[in-house]
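Coordinates as given in start02.cif (mmCIF, C-alpha atoms):
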data_protein
#
loop_
_atom_site.label_atom_id
_atom_site.label_comp_id
_atom_site.auth_asym_id
_atom_site.auth_seq_id
_atom_site.Cartn_x
_atom_site.Cartn_y
_atom_site.Cartn_z
CA MET A 1 -39.98 47.75 127.51
CA ARG A 2 -42.86 49.28 125.76
CA TRP A 3 -43.79 47.72 122.32
CA THR A 4 -45.10 49.72 119.55
CA LYS A 5 -48.25 48.79 117.90
CA SER A 6 -46.45 47.49 114.76
CA GLN A 7 -44.06 45.35 116.82
CA TYR A 8 -46.94 43.87 118.70
CA SER A 9 -48.73 42.95 115.46
CA ALA A 10 -45.65 41.24 114.08
CA TRP A 11 -45.25 39.20 117.24
CA ILE A 12 -48.85 38.04 117.02
CA VAL A 13 -48.38 36.85 113.43
CA ALA A 14 -45.14 35.00 114.24
CA PHE A 15 -46.76 33.30 117.24
CA ALA A 16 -49.63 32.11 114.99
CA LEU A 17 -47.25 30.59 112.43
CA LEU A 18 -45.02 28.87 114.95
CA PRO A 19 -46.83 25.45 114.97
CA SER A 20 -46.68 25.19 111.14
CA LEU A 21 -43.00 26.01 111.01
CA THR A 22 -42.26 23.52 113.76
CA ALA A 23 -44.14 20.72 111.95
CA ALA A 24 -42.35 21.47 108.72
CA ALA A 25 -38.99 21.31 110.46
CA GLN A 26 -39.80 17.97 112.06
CA ALA A 27 -41.22 16.38 108.84
CA PRO A 28 -38.83 13.98 107.10
CA ALA A 29 -37.24 15.34 104.00
CA GLN A 30 -38.92 14.07 100.84
CA ASN A 31 -36.72 12.16 98.43
CA PRO A 32 -36.29 13.82 95.04
CA PRO A 33 -38.13 12.07 92.20
CA ILE A 34 -36.16 9.14 90.86
CA GLU A 35 -35.49 9.33 87.16
CA PRO A 36 -36.07 5.95 85.46
CA PRO A 37 -32.93 4.49 83.97
CA PRO A 38 -32.66 5.02 80.23
CA VAL A 39 -34.11 2.15 78.28
CA SER A 40 -31.53 0.56 76.04
CA LEU A 41 -33.32 -0.65 72.91
CA PRO A 42 -31.75 -3.56 71.10
CA GLN A 43 -29.91 -2.43 68.03
CA THR A 44 -31.41 -3.76 64.83
CA SER A 45 -29.00 -4.63 62.08
CA VAL A 46 -29.95 -3.27 58.69
CA MET A 47 -29.64 -5.86 55.96
CA PRO A 48 -27.62 -4.57 53.05
CA ALA A 49 -29.57 -4.20 49.84
CA LEU A 50 -29.25 -7.24 47.65
CA PRO A 51 -27.65 -6.57 44.30
CA ALA A 52 -30.09 -6.46 41.43
CA ARG A 53 -30.38 -9.74 39.62
CA PRO A 54 -28.77 -9.35 36.23
CA ALA A 55 -31.25 -9.47 33.42
CA ALA A 56 -31.23 -12.62 31.37
CA PRO A 57 -29.55 -12.07 28.01
CA ALA A 58 -32.08 -11.43 25.31
CA GLN A 59 -32.62 -14.38 23.07
CA PRO A 60 -31.93 -13.60 19.41
CA GLN A 61 -35.04 -13.35 17.30
CA PHE A 62 -35.63 -15.78 14.46
CA VAL A 63 -36.06 -13.47 11.49
CA VAL A 64 -36.20 -14.46 7.83
CA VAL A 65 -35.32 -11.98 5.09
CA LEU A 66 -36.91 -12.48 1.67
CA ASP A 67 -35.18 -10.74 -1.21
CA ALA A 68 -37.26 -10.72 -4.39
CA ALA A 69 -34.69 -10.12 -7.13
CA HIS A 70 -34.88 -7.45 -9.84
CA GLY A 71 -37.74 -4.92 -9.91
CA GLY A 72 -38.51 -1.67 -11.68
CA GLY A 73 -36.44 -1.24 -14.81
CA ASN A 74 -34.46 -4.39 -13.96
CA GLN A 75 -36.94 -6.95 -15.32
CA GLY A 76 -34.86 -10.11 -15.17
CA ALA A 77 -35.61 -13.07 -17.43
CA ARG A 78 -38.69 -13.30 -19.64
CA ILE A 79 -40.61 -16.34 -18.45
CA ALA A 80 -43.49 -16.15 -20.95
CA ASP A 81 -45.03 -13.64 -23.35
CA ARG A 82 -46.70 -11.73 -20.53
CA LEU A 83 -44.67 -12.97 -17.60
CA ILE A 84 -41.28 -11.64 -16.51
CA GLU A 85 -39.01 -12.65 -13.67
CA LYS A 86 -39.41 -9.56 -11.50
CA ASP A 87 -43.17 -10.18 -11.21
CA VAL A 88 -42.88 -13.92 -10.57
CA VAL A 89 -40.40 -13.55 -7.73
CA LEU A 90 -42.32 -10.67 -6.13
CA ASP A 91 -45.49 -12.76 -6.13
CA LEU A 92 -43.64 -15.70 -4.58
CA SER A 93 -42.05 -13.44 -1.96
CA ILE A 94 -45.42 -12.03 -0.90
CA ARG A 95 -46.99 -15.50 -0.76
CA LEU A 96 -44.09 -16.89 1.24
CA ARG A 97 -44.09 -13.93 3.65
CA SER A 98 -47.80 -14.43 4.34
CA THR A 99 -47.41 -18.16 4.96
CA LEU A 100 -44.35 -17.77 7.19
CA SER A 101 -46.10 -15.08 9.23
CA ALA A 102 -49.05 -17.44 9.73
CA HIS A 103 -46.56 -19.94 11.19
CA GLY A 104 -45.24 -17.39 13.69
CA ILE A 105 -42.06 -16.53 11.80
CA GLN A 106 -41.03 -12.89 11.58
CA VAL A 107 -40.31 -11.82 8.00
CA ILE A 108 -38.53 -8.83 6.48
CA THR A 109 -38.81 -8.22 2.74
CA THR A 110 -36.44 -6.09 0.71
CA ARG A 111 -39.20 -4.99 -1.63
CA GLU A 112 -43.00 -5.10 -1.64
CA SER A 113 -43.65 -3.44 -4.98
CA ASP A 114 -42.27 -3.11 -8.50
CA THR A 115 -39.28 -1.00 -7.50
CA GLU A 116 -35.61 -1.44 -8.26
CA ILE A 117 -33.53 -1.75 -5.09
CA PRO A 118 -29.72 -1.46 -5.30
CA GLN A 119 -27.85 -4.62 -4.32
CA GLN A 120 -26.01 -2.83 -1.53
CA THR A 121 -29.29 -1.58 -0.05
CA ARG A 122 -30.71 -5.10 -0.11
CA ALA A 123 -27.66 -6.35 1.79
CA GLU A 124 -27.89 -3.49 4.29
CA VAL A 125 -31.55 -4.29 5.02
CA ALA A 126 -30.76 -7.96 5.60
CA ASN A 127 -27.64 -7.36 7.68
CA HIS A 128 -29.34 -4.75 9.86
CA THR A 129 -31.97 -7.29 10.97
CA GLN A 130 -29.34 -9.88 12.01
CA ALA A 131 -31.48 -12.45 10.22
CA ALA A 132 -31.40 -16.17 10.92
CA ALA A 133 -31.96 -16.91 7.23
CA CYS A 134 -31.84 -14.90 4.01
CA ILE A 135 -33.61 -16.24 0.93
CA VAL A 136 -32.81 -14.58 -2.40
CA ILE A 137 -35.56 -15.46 -4.90
CA HIS A 138 -34.93 -15.74 -8.64
CA ALA A 139 -36.81 -17.37 -11.51
CA THR A 140 -35.73 -18.99 -14.80
CA THR A 141 -37.08 -20.94 -17.73
CA THR A 142 -34.12 -23.34 -17.67
CA GLY A 143 -34.34 -26.77 -16.07
CA SER A 144 -37.11 -28.15 -13.91
CA GLY A 145 -38.03 -27.50 -10.29
CA ILE A 146 -35.77 -25.57 -7.94
CA HIS A 147 -32.11 -24.57 -8.18
CA LEU A 148 -30.43 -23.87 -4.85
CA PHE A 149 -27.28 -21.74 -4.83
CA THR A 150 -24.94 -21.05 -1.93
CA SER A 151 -21.97 -18.73 -2.09
CA SER A 152 -18.83 -19.99 -3.79
CA LEU A 153 -16.70 -18.12 -1.22
CA ALA A 154 -14.40 -20.20 0.93
CA PRO A 155 -15.33 -20.27 4.63
CA ALA A 156 -13.48 -17.57 6.56
CA PRO A 157 -11.81 -18.51 9.86
CA ASN A 158 -12.25 -14.98 11.23
CA THR A 159 -15.65 -13.23 11.29
CA ARG A 160 -14.27 -9.77 12.11
CA PHE A 161 -13.38 -7.01 9.66
CA LEU A 162 -14.40 -8.92 6.55
CA PRO A 163 -14.62 -6.96 3.30
CA TRP A 164 -18.15 -6.03 2.30
CA GLN A 165 -18.06 -8.04 -0.93
CA THR A 166 -17.00 -11.23 0.87
CA ALA A 167 -18.90 -10.93 4.17
CA GLN A 168 -20.81 -14.14 3.42
CA SER A 169 -17.61 -16.15 3.78
CA ALA A 170 -18.12 -16.16 7.56
CA TYR A 171 -21.52 -17.84 7.11
CA VAL A 172 -20.83 -20.31 4.31
CA THR A 173 -20.93 -23.33 6.62
CA GLN A 174 -24.32 -22.32 8.03
CA SER A 175 -25.60 -21.50 4.56
CA LEU A 176 -24.77 -25.02 3.39
CA LYS A 177 -26.76 -26.42 6.33
CA LEU A 178 -29.70 -24.17 5.46
CA SER A 179 -29.49 -25.33 1.84
CA SER A 180 -29.62 -28.92 3.05
CA ASP A 181 -32.86 -28.25 4.98
CA LEU A 182 -34.36 -26.59 1.90
CA ASN A 183 -33.34 -29.53 -0.27
CA SER A 184 -34.93 -32.06 2.08
CA ALA A 185 -38.28 -30.23 2.25
CA LEU A 186 -38.44 -29.65 -1.51
CA ALA A 187 -37.59 -33.29 -2.22
CA HIS A 188 -40.32 -34.36 0.21
CA ALA A 189 -42.74 -32.27 -1.85
CA THR A 190 -41.54 -34.17 -4.99
CA ILE A 191 -40.01 -31.01 -6.47
CA PRO A 192 -36.75 -31.71 -8.36
CA VAL A 193 -33.77 -29.90 -6.84
CA THR A 194 -30.31 -29.11 -8.14
CA MET A 195 -27.70 -27.70 -5.76
CA SER A 196 -24.63 -25.70 -6.67
CA ARG A 197 -22.45 -22.80 -5.57
CA ALA A 198 -22.04 -19.48 -7.33
CA ALA A 199 -21.07 -15.85 -6.84
CA VAL A 200 -24.45 -14.14 -6.51
CA GLN A 201 -25.15 -10.62 -5.31
CA PRO A 202 -26.29 -9.50 -2.84
CA MET A 203 -25.72 -12.95 -1.30
CA ASP A 204 -21.93 -12.62 -1.05
CA SER A 205 -22.40 -9.49 1.09
CA LEU A 206 -24.93 -10.98 3.50
CA THR A 207 -23.97 -11.58 7.12
CA CYS A 208 -26.49 -14.37 7.67
CA PRO A 209 -27.06 -17.94 6.46
CA ALA A 210 -28.13 -17.28 2.87
CA VAL A 211 -29.39 -19.32 -0.07
CA ALA A 212 -30.50 -18.22 -3.52
CA VAL A 213 -33.66 -20.06 -4.57
CA GLU A 214 -34.20 -20.04 -8.32
CA VAL A 215 -37.57 -21.43 -9.39
CA ALA A 216 -38.12 -23.02 -12.81
CA PRO A 217 -41.20 -24.55 -14.45
CA LEU A 218 -41.96 -28.11 -13.44
CA ALA A 219 -41.36 -30.67 -16.20
CA ALA A 220 -43.23 -33.94 -16.44
CA GLY A 221 -41.45 -36.86 -14.82
CA ASN A 222 -42.03 -40.05 -12.90
CA ALA A 223 -43.60 -38.20 -9.97
CA THR A 224 -44.33 -34.79 -11.51
CA ARG A 225 -46.61 -33.21 -14.05
CA THR A 226 -45.84 -30.23 -16.23
CA LYS A 227 -46.61 -26.98 -14.44
CA ALA A 228 -45.84 -23.42 -15.43
CA LEU A 229 -44.41 -20.87 -13.02
CA SER A 230 -47.71 -18.99 -13.23
CA ASP A 231 -49.63 -22.06 -11.98
CA PRO A 232 -51.08 -21.17 -8.53
CA SER A 233 -50.97 -24.81 -7.38
CA TYR A 234 -47.27 -25.03 -8.28
CA GLN A 235 -46.52 -21.77 -6.48
CA LYS A 236 -48.36 -23.04 -3.40
CA LEU A 237 -46.37 -26.27 -3.52
CA ILE A 238 -43.13 -24.28 -3.56
CA VAL A 239 -44.23 -21.92 -0.78
CA ASP A 240 -45.38 -24.75 1.48
CA ALA A 241 -42.12 -26.65 0.98
CA LEU A 242 -40.01 -23.57 1.71
CA THR A 243 -42.08 -22.87 4.82
CA ALA A 244 -41.56 -26.42 6.08
CA ALA A 245 -37.82 -26.08 5.46
CA LEU A 246 -37.59 -22.79 7.37
CA GLU A 247 -39.53 -24.26 10.28
CA GLN A 248 -36.99 -27.07 10.37
CA TRP A 249 -34.18 -24.54 10.12
CA ARG A 250 -35.59 -22.61 13.08
CA GLY A 251 -34.91 -25.62 15.30
CA ASP A 252 -31.48 -26.23 13.77
CA TRP A 253 -30.56 -22.56 14.08
CA ARG A 254 -31.47 -22.38 17.78
CA GLN A 255 -29.32 -25.43 18.48
CA GLN A 256 -26.39 -23.74 16.74
#

Mind converting the file's structure to structure tokens?
Amino acid sequence: MRWTKSQYSAWIVAFALLPSLTAAAQAPAQNPPIEPPPVSLPQTSVMPALPARPAAPAQPQFVVVLDAAHGGGNQGARIADRLIEKDVVLDLSIRLRSTLSAHGIQVITTRESDTEIPQQTRAEVANHTQAAACIVIHATTTGSGIHLFTSSLAPAPNTRFLPWQTAQSAYVTQSLKLSSDLNSALAHATIPVTMSRAAVQPMDSLTCPAVAVEVAPLAAGNATRTKALSDPSYQKLIVDALTAALEQWRGDWRQQ
């Protein structure tokens, strides 16, 4: 058989590749790459969020309301030729507010100038503040020292839905305790005190322990000397005694 030139060339190439193909056939088969087993990570438990700690209830603020009676066209009693009640009580209210503030007691006043404030507005101001004590300030030429008045209303067993004109009935018991603290401090300052109960506005509409403080000139006695209401030393004596009483009341009120 005669080979063509192309057949002869193909045979030469196949003969040259024969050793390589034989070695490849005899070589052991290579193992496929082994995949590493999947790594199982430990499951972490997620802690549930802790509930928010409830906020502590806000402590009520100790606030004192000072109500200087009269004002404007409502002059009140004439104390002396050039002295009328509305001016005396406003001066005492401002002095008392300043002293109480210096002792860290928050004070709200119903009036700071010679203006006439309706009784209902005075009560609304006091009731809105949820005061711990309301002091209604009056002045008179009758008697000597201080007259303390608490409401003549009978204590109410239910504090809800009380009529506006008798709202104080729910606080009569506390008002009597406040009056007792005032009496003790004034007596310690050797200021004569008389205590009674009366229907006084806006006190009967106040939803807070309330006492009407009516100041009179100081008459001479065993432990007192005559002093007019316009006497700065007498006014300071009254203001300091009322401040001491309200500081005592702050402790009593928090216990209640």

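Shell of A:Ala156 at 10 Å, with only C-alpha atoms counted and residues fewer than 3 places along the chain excluded, is A:Leu153, A:Thr159, A:Arg160, A:Leu162, A:Thr166, A:Ala167, A:Gln168, A:Ser169, A:Ala170, A:Tyr171, A:Val172, A:Thr173.
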
Inset, instruction - Enumerate, as number ranges by chain, the protein, DNA and RNA residues whose atoms approach (-31.4, -16.3, 5.6) to within 9 Å, taking into account only C-alpha atoms and the coordinate frame of the file. - result: A: 63-66, 126, 131-136, 175, 178, 206-211

Write the residues of the selection above to a file with C-alpha atoms, as a CSV table (one decimal), in the coordinates of the input.
chain,number,residue,atom,x,y,z
A,63,VAL,CA,-36.1,-13.5,11.5
A,64,VAL,CA,-36.2,-14.5,7.8
A,65,VAL,CA,-35.3,-12.0,5.1
A,66,LEU,CA,-36.9,-12.5,1.7
A,126,ALA,CA,-30.8,-8.0,5.6
A,131,ALA,CA,-31.5,-12.4,10.2
A,132,ALA,CA,-31.4,-16.2,10.9
A,133,ALA,CA,-32.0,-16.9,7.2
A,134,CYS,CA,-31.8,-14.9,4.0
A,135,ILE,CA,-33.6,-16.2,0.9
A,136,VAL,CA,-32.8,-14.6,-2.4
A,175,SER,CA,-25.6,-21.5,4.6
A,178,LEU,CA,-29.7,-24.2,5.5
A,206,LEU,CA,-24.9,-11.0,3.5
A,207,THR,CA,-24.0,-11.6,7.1
A,208,CYS,CA,-26.5,-14.4,7.7
A,209,PRO,CA,-27.1,-17.9,6.5
A,210,ALA,CA,-28.1,-17.3,2.9
A,211,VAL,CA,-29.4,-19.3,-0.1

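Separating atom CA of A:Ala245 from atom CA of A:Asp181 is a distance of 5.4 Å.
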
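Going from atom CA of A:Leu96 over to atom CA of A:Ile137, you cover 10.6 Å.
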
Inset, instruction - Would you work out the distance separating atom CA of A:Asp240 from atom CA of A:Arg95, expressed in Å to one decimal? - result: 9.7 Å

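Distance annotation: of A:Asn183, A:Gln165, A:Ser151, A:Gln75, the residue with the minimal separation from A:Gln120 is A:Gln165; atom set is all atoms listed in the file.
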
Inset, instruction - For the file shown, report as a VMD selection string the outcome of the PyMOL selection byres ((chain A and resi 122) around 12) at residue level. - result: chain A and resid 65 to 70 108 to 111 116 to 121 123 to 129 134 to 136 201 to 207
